[in-house]
>>> print(open('input31.txt').read())   # compact mmCIF, N, CA and C atoms
# COMPACT_ATOMS: atom_id res chain seq x y z
N MET A 1358 -56.01 -5.64 54.77
CA MET A 1358 -54.76 -5.09 54.25
C MET A 1358 -54.70 -5.33 52.74
N SER A 1359 -54.33 -4.31 52.00
CA SER A 1359 -54.29 -4.43 50.55
C SER A 1359 -52.96 -5.05 50.09
N ALA A 1360 -53.00 -5.57 48.88
CA ALA A 1360 -51.80 -6.17 48.31
C ALA A 1360 -50.82 -5.07 47.92
N PRO A 1361 -49.52 -5.37 47.91
CA PRO A 1361 -48.54 -4.38 47.48
C PRO A 1361 -48.79 -3.95 46.04
N ALA A 1362 -48.49 -2.70 45.73
CA ALA A 1362 -48.61 -2.18 44.37
C ALA A 1362 -47.34 -2.55 43.60
N SER A 1363 -47.51 -2.87 42.32
CA SER A 1363 -46.36 -3.29 41.52
C SER A 1363 -46.46 -2.67 40.13
N ARG A 1364 -45.30 -2.41 39.54
CA ARG A 1364 -45.26 -1.81 38.21
C ARG A 1364 -43.97 -2.21 37.51
N THR A 1365 -44.07 -2.52 36.22
CA THR A 1365 -42.89 -2.83 35.42
C THR A 1365 -42.61 -1.63 34.52
N VAL A 1366 -41.36 -1.16 34.56
CA VAL A 1366 -40.97 0.03 33.79
C VAL A 1366 -39.67 -0.22 33.04
N ARG A 1367 -39.47 0.58 32.00
CA ARG A 1367 -38.28 0.47 31.15
C ARG A 1367 -37.27 1.54 31.55
N ILE A 1368 -36.01 1.16 31.70
CA ILE A 1368 -34.94 2.09 32.07
C ILE A 1368 -34.71 3.07 30.93
N GLY A 1369 -34.79 4.38 31.24
CA GLY A 1369 -34.67 5.40 30.22
C GLY A 1369 -33.28 5.99 30.06
N SER A 1370 -32.45 5.95 31.11
CA SER A 1370 -31.12 6.55 31.01
C SER A 1370 -30.29 5.81 29.97
N SER A 1371 -29.66 6.57 29.08
CA SER A 1371 -28.93 5.96 27.97
C SER A 1371 -27.75 5.10 28.42
N HIS A 1372 -27.27 5.30 29.63
CA HIS A 1372 -26.18 4.48 30.16
C HIS A 1372 -26.66 3.54 31.26
N GLY A 1373 -27.97 3.37 31.36
CA GLY A 1373 -28.53 2.43 32.34
C GLY A 1373 -28.60 3.02 33.74
N LEU A 1374 -28.83 2.14 34.68
CA LEU A 1374 -29.01 2.55 36.07
C LEU A 1374 -27.66 2.54 36.78
N HIS A 1375 -26.79 3.48 36.36
CA HIS A 1375 -25.45 3.59 36.96
C HIS A 1375 -25.50 4.58 38.12
N ALA A 1376 -24.37 5.01 38.61
CA ALA A 1376 -24.25 5.76 39.87
C ALA A 1376 -25.23 6.93 40.03
N ARG A 1377 -25.25 7.87 39.08
CA ARG A 1377 -26.07 9.07 39.30
C ARG A 1377 -27.57 8.76 39.29
N PRO A 1378 -28.10 8.09 38.26
CA PRO A 1378 -29.54 7.79 38.31
C PRO A 1378 -29.89 6.82 39.44
N ALA A 1379 -28.97 5.91 39.77
CA ALA A 1379 -29.23 4.98 40.87
C ALA A 1379 -29.30 5.74 42.20
N LYS A 1380 -28.46 6.75 42.36
CA LYS A 1380 -28.49 7.56 43.58
C LYS A 1380 -29.80 8.32 43.69
N LEU A 1381 -30.23 8.93 42.61
CA LEU A 1381 -31.51 9.67 42.61
C LEU A 1381 -32.67 8.73 42.94
N PHE A 1382 -32.67 7.56 42.32
CA PHE A 1382 -33.73 6.58 42.53
C PHE A 1382 -33.72 6.06 43.97
N ALA A 1383 -32.54 5.68 44.47
CA ALA A 1383 -32.44 5.14 45.83
C ALA A 1383 -32.86 6.18 46.87
N GLN A 1384 -32.47 7.43 46.65
CA GLN A 1384 -32.84 8.49 47.59
C GLN A 1384 -34.35 8.71 47.60
N ALA A 1385 -34.96 8.72 46.42
CA ALA A 1385 -36.42 8.88 46.33
C ALA A 1385 -37.13 7.70 46.98
N SER A 1386 -36.58 6.51 46.81
CA SER A 1386 -37.16 5.31 47.44
C SER A 1386 -37.09 5.42 48.96
N LYS A 1387 -35.95 5.88 49.45
CA LYS A 1387 -35.76 6.05 50.89
C LYS A 1387 -36.73 7.10 51.44
N ASP A 1388 -36.87 8.20 50.70
CA ASP A 1388 -37.74 9.30 51.13
C ASP A 1388 -39.22 8.93 51.09
N ALA A 1389 -39.58 7.87 50.38
CA ALA A 1389 -40.98 7.46 50.25
C ALA A 1389 -41.59 7.08 51.59
N GLY A 1390 -40.78 6.57 52.50
CA GLY A 1390 -41.27 6.22 53.82
C GLY A 1390 -42.01 4.90 53.91
N ILE A 1391 -42.05 4.17 52.80
CA ILE A 1391 -42.65 2.82 52.79
C ILE A 1391 -41.67 1.87 52.11
N PRO A 1392 -41.78 0.57 52.37
CA PRO A 1392 -40.86 -0.38 51.73
C PRO A 1392 -41.05 -0.43 50.21
N VAL A 1393 -39.94 -0.29 49.48
CA VAL A 1393 -39.96 -0.38 48.02
C VAL A 1393 -38.86 -1.35 47.60
N THR A 1394 -39.19 -2.25 46.68
CA THR A 1394 -38.18 -3.15 46.12
C THR A 1394 -38.13 -2.98 44.62
N ILE A 1395 -37.01 -3.41 44.03
CA ILE A 1395 -36.83 -3.38 42.58
C ILE A 1395 -36.19 -4.70 42.17
N SER A 1396 -36.63 -5.25 41.05
CA SER A 1396 -36.05 -6.49 40.54
C SER A 1396 -35.92 -6.40 39.03
N LYS A 1397 -35.02 -7.21 38.50
CA LYS A 1397 -34.81 -7.26 37.05
C LYS A 1397 -34.86 -8.72 36.62
N GLY A 1398 -35.69 -9.02 35.64
CA GLY A 1398 -35.80 -10.37 35.12
C GLY A 1398 -36.19 -11.36 36.21
N ALA A 1399 -35.55 -12.51 36.19
CA ALA A 1399 -35.85 -13.56 37.16
C ALA A 1399 -35.09 -13.38 38.46
N GLY A 1400 -34.30 -12.32 38.55
CA GLY A 1400 -33.52 -12.08 39.76
C GLY A 1400 -34.41 -11.69 40.92
N GLY A 1401 -33.90 -11.86 42.10
CA GLY A 1401 -34.65 -11.53 43.30
C GLY A 1401 -34.79 -10.02 43.48
N ALA A 1402 -35.82 -9.63 44.21
CA ALA A 1402 -36.06 -8.22 44.50
C ALA A 1402 -35.05 -7.73 45.54
N VAL A 1403 -34.59 -6.50 45.35
CA VAL A 1403 -33.66 -5.88 46.29
C VAL A 1403 -34.27 -4.60 46.85
N ASN A 1404 -33.74 -4.14 47.95
CA ASN A 1404 -34.18 -2.91 48.59
C ASN A 1404 -33.88 -1.72 47.66
N ALA A 1405 -34.92 -1.03 47.23
CA ALA A 1405 -34.75 0.09 46.30
C ALA A 1405 -34.08 1.29 46.95
N ALA A 1406 -34.06 1.35 48.28
CA ALA A 1406 -33.43 2.47 48.97
C ALA A 1406 -31.92 2.28 49.14
N SER A 1407 -31.39 1.14 48.70
CA SER A 1407 -29.96 0.87 48.80
C SER A 1407 -29.29 1.08 47.45
N ILE A 1408 -28.46 2.12 47.35
CA ILE A 1408 -27.82 2.42 46.07
C ILE A 1408 -26.97 1.24 45.58
N LEU A 1409 -26.28 0.56 46.48
CA LEU A 1409 -25.45 -0.58 46.07
C LEU A 1409 -26.31 -1.72 45.53
N SER A 1410 -27.44 -1.97 46.17
CA SER A 1410 -28.34 -3.02 45.68
C SER A 1410 -28.90 -2.66 44.31
N VAL A 1411 -29.26 -1.39 44.12
CA VAL A 1411 -29.81 -0.94 42.85
C VAL A 1411 -28.77 -1.08 41.73
N ILE A 1412 -27.54 -0.65 42.00
CA ILE A 1412 -26.48 -0.75 40.99
C ILE A 1412 -26.18 -2.22 40.69
N SER A 1413 -26.26 -3.08 41.71
CA SER A 1413 -25.93 -4.50 41.52
C SER A 1413 -26.89 -5.22 40.57
N LEU A 1414 -28.05 -4.61 40.29
CA LEU A 1414 -28.98 -5.22 39.33
C LEU A 1414 -28.39 -5.23 37.92
N GLY A 1415 -27.51 -4.28 37.64
CA GLY A 1415 -26.92 -4.20 36.31
C GLY A 1415 -27.92 -3.82 35.24
N ALA A 1416 -28.90 -2.99 35.59
CA ALA A 1416 -29.94 -2.59 34.64
C ALA A 1416 -29.37 -1.62 33.60
N GLU A 1417 -29.49 -2.02 32.34
CA GLU A 1417 -28.99 -1.21 31.23
C GLU A 1417 -30.14 -0.45 30.58
N SER A 1418 -29.82 0.50 29.72
CA SER A 1418 -30.84 1.25 28.99
C SER A 1418 -31.74 0.28 28.23
N GLY A 1419 -33.04 0.46 28.36
CA GLY A 1419 -34.00 -0.39 27.67
C GLY A 1419 -34.41 -1.63 28.44
N ASP A 1420 -33.68 -1.98 29.51
CA ASP A 1420 -34.07 -3.12 30.35
C ASP A 1420 -35.37 -2.79 31.08
N TYR A 1421 -36.10 -3.83 31.42
CA TYR A 1421 -37.32 -3.67 32.21
C TYR A 1421 -37.04 -4.10 33.64
N VAL A 1422 -37.54 -3.32 34.59
CA VAL A 1422 -37.43 -3.65 36.01
C VAL A 1422 -38.83 -3.59 36.61
N THR A 1423 -39.01 -4.33 37.69
CA THR A 1423 -40.30 -4.33 38.37
C THR A 1423 -40.15 -3.70 39.75
N LEU A 1424 -41.00 -2.72 40.00
CA LEU A 1424 -41.02 -2.03 41.29
C LEU A 1424 -42.19 -2.52 42.11
N THR A 1425 -42.01 -2.67 43.40
CA THR A 1425 -43.10 -3.04 44.29
C THR A 1425 -43.02 -2.13 45.51
N ALA A 1426 -44.16 -1.56 45.88
CA ALA A 1426 -44.25 -0.70 47.05
C ALA A 1426 -45.41 -1.18 47.91
N ASP A 1427 -45.21 -1.16 49.22
CA ASP A 1427 -46.23 -1.65 50.13
C ASP A 1427 -46.47 -0.65 51.25
N GLY A 1428 -47.67 -0.07 51.24
CA GLY A 1428 -48.00 0.89 52.30
C GLY A 1428 -48.88 2.00 51.77
N PRO A 1429 -49.23 2.94 52.64
CA PRO A 1429 -50.08 4.05 52.23
C PRO A 1429 -49.40 4.90 51.15
N GLY A 1430 -50.17 5.22 50.11
CA GLY A 1430 -49.63 6.04 49.02
C GLY A 1430 -48.73 5.28 48.07
N ALA A 1431 -48.80 3.96 48.06
CA ALA A 1431 -47.89 3.15 47.23
C ALA A 1431 -47.98 3.52 45.75
N GLU A 1432 -49.18 3.75 45.23
CA GLU A 1432 -49.32 4.09 43.81
C GLU A 1432 -48.64 5.42 43.49
N ASP A 1433 -48.78 6.40 44.39
CA ASP A 1433 -48.12 7.69 44.18
C ASP A 1433 -46.60 7.55 44.23
N VAL A 1434 -46.12 6.72 45.14
CA VAL A 1434 -44.67 6.45 45.23
C VAL A 1434 -44.20 5.84 43.92
N LEU A 1435 -44.95 4.86 43.39
CA LEU A 1435 -44.56 4.21 42.13
C LEU A 1435 -44.60 5.19 40.97
N ASP A 1436 -45.55 6.13 40.98
CA ASP A 1436 -45.60 7.16 39.93
C ASP A 1436 -44.31 7.97 39.92
N THR A 1437 -43.88 8.40 41.11
CA THR A 1437 -42.66 9.21 41.24
C THR A 1437 -41.43 8.42 40.79
N LEU A 1438 -41.31 7.18 41.27
CA LEU A 1438 -40.15 6.36 40.94
C LEU A 1438 -40.13 5.97 39.46
N THR A 1439 -41.31 5.73 38.89
CA THR A 1439 -41.39 5.41 37.46
C THR A 1439 -40.86 6.56 36.63
N GLU A 1440 -41.24 7.78 37.00
CA GLU A 1440 -40.77 8.95 36.26
C GLU A 1440 -39.24 9.06 36.33
N LEU A 1441 -38.67 8.79 37.50
CA LEU A 1441 -37.21 8.82 37.64
C LEU A 1441 -36.53 7.78 36.75
N LEU A 1442 -37.09 6.59 36.71
CA LEU A 1442 -36.46 5.50 35.94
C LEU A 1442 -36.62 5.68 34.43
N THR A 1443 -37.71 6.28 33.99
CA THR A 1443 -37.94 6.41 32.54
C THR A 1443 -37.29 7.66 31.96
N THR A 1444 -36.80 8.55 32.80
CA THR A 1444 -36.12 9.77 32.35
C THR A 1444 -34.67 9.45 32.00
N ASP A 1445 -34.18 10.05 30.90
CA ASP A 1445 -32.77 9.87 30.53
C ASP A 1445 -31.93 10.89 31.30
N HIS A 1446 -31.32 10.45 32.39
CA HIS A 1446 -30.50 11.35 33.21
C HIS A 1446 -29.12 11.58 32.59
N ASP A 1447 -28.85 10.94 31.46
CA ASP A 1447 -27.56 11.09 30.79
C ASP A 1447 -27.64 12.02 29.59
N ALA A 1448 -28.83 12.55 29.32
CA ALA A 1448 -29.02 13.41 28.14
C ALA A 1448 -28.42 14.79 28.36
>>> encode(input="input31.txt", output="structure tokens")
Amino acid sequence: MSAPASRTVRIGSSHGLHARPAKLFAQASKDAGIPVTISKGAGGAVNAASILSVISLGAESGDYVTLTADGPGAEDVLDTLTELLTTDHDA
């Protein structure tokens, strides 16, 4: 069994990971079909498919978060989620 894939990305939305970008991200995480977590700083990892958990991170524009995905296609899932997080959905 391979180790989970992990990636650190910078939040691109100018207002951070608030309701709309968090909803898009959580839905994409849920649709991935494999377990995905997101964490910020020294905080614990939370379920990336839970919009409330994602919003509770308090990730602001320019903050770095770490994504971890475990399962088949994990790198492709992280590619998709990275693009969502680095895009400015407030532009």
>>> axis_aligned_box(input="input31.txt", around="stretch 1416-1427 of chain A", padding_each_side="3 Å", output="AutoDock Vina command-line options")
--center_x -37.7 --center_y -1.5 --center_z 39.5 --size_x 23.6 --size_y 11.6 --size_z 29.6
>>> atom_distance(input="input31.txt", atom1="atom C of A:Ser1371", atom2="atom CA of A:Leu1424")
19.8 Å
>>> atom_distance(input="input31.txt", atom1="atom CA of A:Lys1387", atom2="atom CA of A:Thr1423")
16.9 Å
>>> residues_around(input="input31.txt", residues="stretch 1430-1444 of chain A", least_positions_apart="6", cutoff="6 Å", atoms="all atoms listed in the file", output="list of chain:residue names")
A:Ala1362, A:Arg1367, A:Ile1368, A:Gly1369, A:Ser1370
>>> atom_distance(input="input31.txt", atom1="atom N of A:Gly1419", atom2="atom CA of A:Ala1448")
13.6 Å
>>> closest_residue(input="input31.txt", among="A:Ala1376, A:Val1422, A:Ala1389, A:Ala1383", to="A:Ser1407", atoms="all atoms listed in the file")
A:Ala1383
>>> residues_around(input="input31.txt", residues="A:His1372", least_positions_apart="3", cutoff="6 Å", atoms="all atoms listed in the file", output="JSON list (two decimals) with N, CA and C atoms, in the frame of the given file")
[["chain", "number", "residue", "atom", "x", "y", "z"],
["A", 1375, "HIS", "N", -26.79, 3.48, 36.36],
["A", 1375, "HIS", "CA", -25.45, 3.59, 36.96],
["A", 1375, "HIS", "C", -25.50, 4.58, 38.12],
["A", 1417, "GLU", "N", -29.49, -2.02, 32.34],
["A", 1417, "GLU", "CA", -28.99, -1.21, 31.23],
["A", 1417, "GLU", "C", -30.14, -0.45, 30.58],
["A", 1418, "SER", "N", -29.82, 0.50, 29.72],
["A", 1418, "SER", "CA", -30.84, 1.25, 28.99],
["A", 1418, "SER", "C", -31.74, 0.28, 28.23],
["A", 1447, "ASP", "N", -28.85, 10.94, 31.46],
["A", 1447, "ASP", "CA", -27.56, 11.09, 30.79],
["A", 1447, "ASP", "C", -27.64, 12.02, 29.59]]
>>> select_by_dssp(input="input31.txt", residues="stretch 1361-1446 of chain A", states="strand (DSSP E)", output="list in words")
Ala1362, Ser1363, Arg1364, Thr1365, Val1366, Arg1367, Val1393, Thr1394, Ile1395, Ser1396, Lys1397, Val1403, Asn1404, Tyr1421, Val1422, Thr1423, Leu1424, Thr1425 and Ala1426 of chain A
>>> closest_residue(input="input31.txt", among="A:Pro1361, A:Pro1378, A:Gly1400, A:Gly1415", to="A:Asp1427", atoms="only N, CA and C atoms")
A:Pro1361
>>> residues_around(input="input31.txt", residues="stretch 1408-1411 of chain A", least_positions_apart="4", cutoff="7 Å", atoms="only C-alpha atoms", output="ChimeraX atom specification")
/A:1379-1380,1383,1403-1404
>>> closest_residue(input="input31.txt", among="A:Ile1395, A:Ala1360, A:Ala1406, A:Val1366", to="A:Asp1420", atoms="all atoms listed in the file")
A:Val1366
>>> select_by_dssp(input="input31.txt", residues="chain A", states="helix (DSSP H, G or I)", output="ChimeraX atom specification")
/A:1376-1388,1408-1413,1431-1443
>>> closest_residue(input="input31.txt", among="A:His1446, A:Ser1386, A:Ser1396, A:Gly1428", to="A:Ser1413", atoms="only C-alpha atoms")
A:Ser1396
>>> closest_residue(input="input31.txt", among="A:Asp1388, A:Arg1377, A:Asp1445, A:Lys1397", to="A:Leu1414", atoms="all atoms listed in the file")
A:Lys1397
>>> build_atoms(input="input31.txt", residues="stretch 1400-1420 of chain A", atoms="N, CA, C and O atoms", output="compact mmCIF listing (two decimals), keeping the file's coordinate frame")
# COMPACT_ATOMS: atom_id res chain seq x y z
N GLY A 1400 -34.30 -12.32 38.55
CA GLY A 1400 -33.52 -12.08 39.76
C GLY A 1400 -34.41 -11.69 40.92
O GLY A 1400 -35.54 -11.25 40.76
N GLY A 1401 -33.90 -11.86 42.10
CA GLY A 1401 -34.65 -11.53 43.30
C GLY A 1401 -34.79 -10.02 43.48
O GLY A 1401 -34.01 -9.25 42.95
N ALA A 1402 -35.82 -9.63 44.21
CA ALA A 1402 -36.06 -8.22 44.50
C ALA A 1402 -35.05 -7.73 45.54
O ALA A 1402 -34.69 -8.45 46.45
N VAL A 1403 -34.59 -6.50 45.35
CA VAL A 1403 -33.66 -5.88 46.29
C VAL A 1403 -34.27 -4.60 46.85
O VAL A 1403 -35.19 -4.03 46.26
N ASN A 1404 -33.74 -4.14 47.95
CA ASN A 1404 -34.18 -2.91 48.59
C ASN A 1404 -33.88 -1.72 47.66
O ASN A 1404 -32.72 -1.43 47.38
N ALA A 1405 -34.92 -1.03 47.23
CA ALA A 1405 -34.75 0.09 46.30
C ALA A 1405 -34.08 1.29 46.95
O ALA A 1405 -33.58 2.17 46.25
N ALA A 1406 -34.06 1.35 48.28
CA ALA A 1406 -33.43 2.47 48.97
C ALA A 1406 -31.92 2.28 49.14
O ALA A 1406 -31.24 3.18 49.63
N SER A 1407 -31.39 1.14 48.70
CA SER A 1407 -29.96 0.87 48.80
C SER A 1407 -29.29 1.08 47.45
O SER A 1407 -29.52 0.32 46.51
N ILE A 1408 -28.46 2.12 47.35
CA ILE A 1408 -27.82 2.42 46.07
C ILE A 1408 -26.97 1.24 45.58
O ILE A 1408 -26.97 0.92 44.39
N LEU A 1409 -26.28 0.56 46.48
CA LEU A 1409 -25.45 -0.58 46.07
C LEU A 1409 -26.31 -1.72 45.53
O LEU A 1409 -25.95 -2.35 44.53
N SER A 1410 -27.44 -1.97 46.17
CA SER A 1410 -28.34 -3.02 45.68
C SER A 1410 -28.90 -2.66 44.31
O SER A 1410 -28.99 -3.51 43.42
N VAL A 1411 -29.26 -1.39 44.12
CA VAL A 1411 -29.81 -0.94 42.85
C VAL A 1411 -28.77 -1.08 41.73
O VAL A 1411 -29.05 -1.61 40.66
N ILE A 1412 -27.54 -0.65 42.00
CA ILE A 1412 -26.48 -0.75 40.99
C ILE A 1412 -26.18 -2.22 40.69
O ILE A 1412 -25.90 -2.58 39.54
N SER A 1413 -26.26 -3.08 41.71
CA SER A 1413 -25.93 -4.50 41.52
C SER A 1413 -26.89 -5.22 40.57
O SER A 1413 -26.57 -6.29 40.06
N LEU A 1414 -28.05 -4.61 40.29
CA LEU A 1414 -28.98 -5.22 39.33
C LEU A 1414 -28.39 -5.23 37.92
O LEU A 1414 -28.76 -6.06 37.11
N GLY A 1415 -27.51 -4.28 37.64
CA GLY A 1415 -26.92 -4.20 36.31
C GLY A 1415 -27.92 -3.82 35.24
O GLY A 1415 -27.83 -4.26 34.10
N ALA A 1416 -28.90 -2.99 35.59
CA ALA A 1416 -29.94 -2.59 34.64
C ALA A 1416 -29.37 -1.62 33.60
O ALA A 1416 -28.84 -0.57 33.95
N GLU A 1417 -29.49 -2.02 32.34
CA GLU A 1417 -28.99 -1.21 31.23
C GLU A 1417 -30.14 -0.45 30.58
O GLU A 1417 -31.31 -0.76 30.82
N SER A 1418 -29.82 0.50 29.72
CA SER A 1418 -30.84 1.25 28.99
C SER A 1418 -31.74 0.28 28.23
O SER A 1418 -31.26 -0.63 27.56
N GLY A 1419 -33.04 0.46 28.36
CA GLY A 1419 -34.00 -0.39 27.67
C GLY A 1419 -34.41 -1.63 28.44
O GLY A 1419 -35.37 -2.30 28.08
N ASP A 1420 -33.68 -1.98 29.51
CA ASP A 1420 -34.07 -3.12 30.35
C ASP A 1420 -35.37 -2.79 31.08
O ASP A 1420 -35.67 -1.63 31.35
